[in-house]
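Novice: Here it is: the structure, laid out below.
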Amino acid sequence: MEIICENLTKIYRQGDREDVTAVNDCAWHLPTGSITVLLGVSGSGKSTLLRLLGLQEQPTSGRILFDGEDVTALDESARARLRAHRIGFIHQNYRLIPMLSVEENILLPRRIIGQRCDEEELKKLAALLHIENKLANFPASLSGGQQQRVAIARALINHPPLILADEPTGNLDSGTKQDMIELFSKVHQLYSPTVVIVTHDHALTAIADQVYQMENGHPILRTR
Ligand SMILES: Nc1ncnc2c1ncn2[C@@H]1O[C@H](COP(=O)(O)OP(=O)(O)OP(=O)(O)O)[C@@H](O)[C@H]1O
Ligand SMILES: [Mg+2]
């Protein structure tokens with residue numbers, strides 16, 4: 001899936017407090033099947049930009065095109081359909097459903113699009129992410145790093161053409177982190193989704209086709 005952002009701006013209005021311009025006049029091109037890493041200091045607008053791409057928030061102005069279609073012009077039900085069918089989102093704070101088991105959390109995106117549980121894919125992903133013995137657990141009984149891996153499995157289970165990951169290695173030790181980096185490469189060889197990874201972790205730039213840095217509310221291409 002090819003993504004184009006045109007003049008994308010997100011301003012949070014806060015009543016009597018000062019407005020925050022989190023994303024400012026962003027122009028961005030993510031070629032089909034590319035892996036993009038987005039770096040930037042805390043508060044620079046990385047998560048906001050990712051949520052805009054994930055159709056979780058509407059921009060204040062500007063457009064986002066998915067394969068040429070202006071998705072910012074769609075109504076909420078069409079956007080929800082796109083989210084369910086085309087986007088895998090890994091949140092900065094996981095957002096697992098506490099009353100569902102690990103297995104049910106991972107398979108939730110399949111249920112949402114009315115597809116049967118893909119047991120084979122579930123086992124494969126769980127093994128790759130080293131959570132195969134946690135499938136019956138509930139999220140509260142997992143470590144932060146384990147929860148993060150469940151969130152990653154959930155984002156990948158439908159093989160979405162767009163994967164958006166907000167600090168996916170933030171809570172992982174270096175060994176698990178290396179596995180994760182390999183997992184992203186493997187997934188990529190498997191079906192070539194377009195991937196955006198927000199991170200502070202320069203190790204992830206090794207698998208990137210392009211590396212950007214968020215500055216003044218928009219991504220600037222970095223030369224490595
Ligand atoms: N819902 C909101 N309401 C008001 N301000 C917000 C909201 N969400 C984000 N912001 C503000 O927008 C700016 C960008 O925040 P964002 O979370 O996108 O940064 P970030 O680059 O992801 O930071 P971090 O690396 O700490 O995760 C910050 O100043 C933040 O306070
Ligand atoms: Mg963030």
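So you can find residues: chains in the structure tokens are A, B, ... in the order shown, residues in each start at 1, and ligands are numbered from 1 in order.
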Within 12 Å of ligand 1 (counting only C-alpha atoms and all ligand atoms), which residues show up? I'd like them as number ranges by chain.

Specialist: A: 9-15, 17-24, 38-52, 56-58, 91-93, 165-168, 170, 197-201, 213-219

Novice: Which residues come within 12 Å of Ile131 (chain A), counting only C-alpha atoms, excluding same-chain residues fewer than 5 positions away, as a list in words?

Specialist: Val102, Glu103, Ile106, Leu122, Lys123, Lys124, Leu125, Ala126, Ala136, Asn137, Pro139, Leu142, Ser143, Gly145, Gln146, Gln147, Gln148, Arg149, Val150, Ala151, Ile152, Ala153 and Thr176 of chain A

Novice: Filtering to C-alpha atoms, could you give me those residues as a short mmCIF file (atom, residue, chain, number, x, y, z; two decimals), in the first residue's frame?

Specialist:
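The file below, out33.cif, is the result:
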data_model
loop_
_atom_site.label_atom_id
_atom_site.label_comp_id
_atom_site.auth_asym_id
_atom_site.auth_seq_id
_atom_site.Cartn_x
_atom_site.Cartn_y
_atom_site.Cartn_z
CA VAL A 102 -3.64 -13.78 25.11
CA GLU A 103 -4.99 -16.09 22.39
CA ILE A 106 -4.28 -12.03 19.20
CA LEU A 122 -1.49 -18.12 15.57
CA LYS A 123 0.97 -20.90 16.50
CA LYS A 124 3.57 -19.62 14.07
CA LEU A 125 3.41 -16.03 15.33
CA ALA A 126 3.33 -17.09 18.99
CA ALA A 136 -4.13 -19.11 27.92
CA ASN A 137 -2.90 -16.32 30.22
CA PRO A 139 -2.63 -9.78 29.96
CA LEU A 142 2.36 -10.96 31.64
CA SER A 143 5.50 -8.86 31.85
CA GLY A 145 7.81 -7.16 27.19
CA GLN A 146 5.43 -10.14 26.87
CA GLN A 147 2.44 -7.81 26.55
CA GLN A 148 4.31 -5.92 23.87
CA ARG A 149 4.85 -9.15 21.91
CA VAL A 150 1.15 -10.06 22.19
CA ALA A 151 0.31 -6.62 20.79
CA ILE A 152 2.69 -7.27 17.90
CA ALA A 153 1.16 -10.69 17.17
CA THR A 176 14.16 -10.34 22.38
#

Novice: Given only C-alpha atoms and all ligand atoms as the basis, pick out the residue of A:Arg83, A:Ile90, A:Thr60, A:Ile4 nearest to ligand 2.

Specialist: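 The closest residue to ligand 2 is A:Ile90.
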
Novice: Name the residues of region 110-186 of chain A that fall into strand (DSSP E) according to DSSP on the backbone, using the chain letters and numbers of this document, as a PyMOL selection string.

Specialist: chain A and resi 162-166

Novice: So that I have them on file, write out the residues from the current selection with N, CA and C atoms, as a CSV table (one decimal), in the first residue's frame.

Specialist:
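Output contents, as saved in selection_1.csv:
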chain,number,residue,atom,x,y,z
A,162,LEU,N,-0.6,-2.5,5.7
A,162,LEU,CA,0.0,-1.3,6.4
A,162,LEU,C,0.2,-1.7,7.9
A,163,ILE,N,1.5,-1.7,8.4
A,163,ILE,CA,1.8,-2.0,9.8
A,163,ILE,C,2.4,-0.7,10.4
A,164,LEU,N,1.7,-0.2,11.5
A,164,LEU,CA,2.2,1.0,12.2
A,164,LEU,C,2.6,0.6,13.6
A,165,ALA,N,3.9,0.8,13.9
A,165,ALA,CA,4.4,0.3,15.2
A,165,ALA,C,4.9,1.5,16.0
A,166,ASP,N,4.4,1.7,17.2
A,166,ASP,CA,4.8,2.8,18.0
A,166,ASP,C,5.7,2.3,19.1

Novice: So how far away is atom 1 (Mg, counted along the ligand's line) of ligand 2 from CA of Ile220 (chain A), in Å?

Specialist: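 It comes out at 17.1 Å.
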
Novice: So, counting only C-alpha atoms, which residue among A:Met1, A:Leu172, A:Leu100, A:Ile157 is closest to Asp118 (chain A)?

Specialist: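 Checking each candidate against Asp118 (chain A), we get A:Ile157 as the closest.
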
Novice: At a cut-off of 7 Å, using only C-alpha atoms, what residues contact Gly33 (chain A)? Leave out same-chain residues fewer than 3 positions from it and give the result as a ChimeraX atom specification.

Specialist: /A:1,192-194

Novice: Quick one: write out the picked residues with N, CA and C atoms as a PDB file, in the first residue's frame?

Specialist:
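Ended up saving to out_13.pdb:
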ATOM      1  N   MET A   1       0.840  -1.195   0.000  1.00  0.00           N
ATOM      2  CA  MET A   1       0.000   0.000   0.000  1.00  0.00           C
ATOM      3  C   MET A   1       0.879   1.251   0.000  1.00  0.00           C
ATOM      4  N   SER A 192       5.451  -8.457   2.213  1.00  0.00           N
ATOM      5  CA  SER A 192       5.807  -7.084   1.858  1.00  0.00           C
ATOM      6  C   SER A 192       4.804  -5.994   2.229  1.00  0.00           C
ATOM      7  N   PRO A 193       4.411  -5.898   3.497  1.00  0.00           N
ATOM      8  CA  PRO A 193       3.569  -4.772   3.890  1.00  0.00           C
ATOM      9  C   PRO A 193       4.391  -3.481   3.897  1.00  0.00           C
ATOM     10  N   THR A 194       3.690  -2.359   3.855  1.00  0.00           N
ATOM     11  CA  THR A 194       4.319  -1.062   4.117  1.00  0.00           C
ATOM     12  C   THR A 194       4.394  -0.921   5.641  1.00  0.00           C
TER      13      THR A 194
END

Novice: Which value, in Å to one decimal, gives the distance between CA of Tyr212 (chain A) and CA of Leu96 (chain A)?

Specialist: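 Interatomic distance, CA of Tyr212 (chain A) to CA of Leu96 (chain A): 28.5 Å.
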
Novice: Using only C-alpha atoms, which protein or nucleic acid residues come within 8 Å of Thr72 (chain A)? Drop anything in the same chain fewer than 6 positions from it, and give the result as a ChimeraX atom specification.

Specialist: /A:55,58-59,63-65

Novice: Could you save the residues just selected, with N, CA and C atoms, as a JSON list (two decimals), in the first residue's frame?

Specialist:
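New file selection.json:
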[["chain", "number", "residue", "atom", "x", "y", "z"],
["A", 55, "LEU", "N", -5.64, 6.18, 11.00],
["A", 55, "LEU", "CA", -7.04, 6.61, 10.92],
["A", 55, "LEU", "C", -7.72, 6.57, 12.28],
["A", 58, "GLN", "N", -8.56, 12.32, 13.18],
["A", 58, "GLN", "CA", -8.66, 13.09, 11.95],
["A", 58, "GLN", "C", -7.69, 14.28, 12.03],
["A", 59, "PRO", "N", -7.03, 14.60, 10.91],
["A", 59, "PRO", "CA", -6.16, 15.78, 10.93],
["A", 59, "PRO", "C", -7.00, 17.07, 11.01],
["A", 63, "ARG", "N", -4.39, 16.08, 3.81],
["A", 63, "ARG", "CA", -4.95, 14.82, 3.31],
["A", 63, "ARG", "C", -3.98, 13.67, 3.47],
["A", 64, "ILE", "N", -4.55, 12.46, 3.57],
["A", 64, "ILE", "CA", -3.76, 11.23, 3.53],
["A", 64, "ILE", "C", -4.34, 10.37, 2.40],
["A", 65, "LEU", "N", -3.47, 9.91, 1.51],
["A", 65, "LEU", "CA", -3.92, 9.05, 0.42],
["A", 65, "LEU", "C", -3.39, 7.64, 0.63]]

Novice: CA of Asp209 (chain A) to CA of Thr36 (chain A): how many Å, to one decimal?

Specialist: 6.0 Å

Novice: Hey, what does DSSP flag as alpha helix (DSSP H) within region 26-164 of chain A? Can you give it to me as a VMD selection string?

Specialist: chain A and resid 46 to 53 76 to 86 102 to 112 119 to 128 144 to 156

Novice: Write to file, as a compact mmCIF listing (two decimals), in the first residue's frame, the residues of the selection just made, with C-alpha atoms.

Specialist:
# COMPACT_ATOMS: atom_id res chain seq x y z
CA LYS A 46 5.63 10.88 16.28
CA SER A 47 2.69 9.10 17.93
CA THR A 48 0.28 11.75 16.68
CA LEU A 49 1.46 11.30 13.10
CA LEU A 50 1.20 7.52 13.46
CA ARG A 51 -2.39 7.79 14.80
CA LEU A 52 -3.29 10.00 11.84
CA LEU A 53 -1.89 7.37 9.44
CA GLU A 76 -16.20 7.03 10.12
CA SER A 77 -17.67 3.65 9.13
CA ALA A 78 -15.51 3.47 6.00
CA ARG A 79 -12.49 4.48 8.07
CA ALA A 80 -13.32 1.79 10.65
CA ARG A 81 -13.50 -0.79 7.86
CA LEU A 82 -10.07 0.27 6.58
CA ARG A 83 -8.66 0.09 10.12
CA ALA A 84 -9.96 -3.45 10.56
CA HIS A 85 -8.99 -4.82 7.17
CA ARG A 86 -5.89 -2.94 6.08
CA VAL A 102 -3.64 -13.78 25.11
CA GLU A 103 -4.99 -16.09 22.39
CA GLU A 104 -8.28 -14.18 22.23
CA ASN A 105 -6.43 -10.86 22.09
CA ILE A 106 -4.28 -12.03 19.20
CA LEU A 107 -7.27 -13.44 17.30
CA LEU A 108 -9.52 -10.41 17.89
CA PRO A 109 -8.68 -8.78 14.53
CA ARG A 110 -9.78 -12.01 12.78
CA ARG A 111 -13.14 -11.93 14.61
CA ILE A 112 -13.62 -8.26 13.78
CA GLU A 119 -4.73 -21.67 14.32
CA GLU A 120 -1.68 -22.30 12.17
CA GLU A 121 -0.84 -18.62 11.84
CA LEU A 122 -1.49 -18.12 15.57
CA LYS A 123 0.97 -20.90 16.50
CA LYS A 124 3.57 -19.62 14.07
CA LEU A 125 3.41 -16.03 15.33
CA ALA A 126 3.33 -17.09 18.99
CA ALA A 127 6.43 -19.23 18.46
CA LEU A 128 8.29 -16.47 16.62
CA GLY A 144 5.65 -5.59 29.88
CA GLY A 145 7.81 -7.16 27.19
CA GLN A 146 5.43 -10.14 26.87
CA GLN A 147 2.44 -7.81 26.55
CA GLN A 148 4.31 -5.92 23.87
CA ARG A 149 4.85 -9.15 21.91
CA VAL A 150 1.15 -10.06 22.19
CA ALA A 151 0.31 -6.62 20.79
CA ILE A 152 2.69 -7.27 17.90
CA ALA A 153 1.16 -10.69 17.17
CA ARG A 154 -2.31 -9.10 17.19
CA ALA A 155 -1.19 -6.45 14.70
CA LEU A 156 0.23 -9.08 12.34
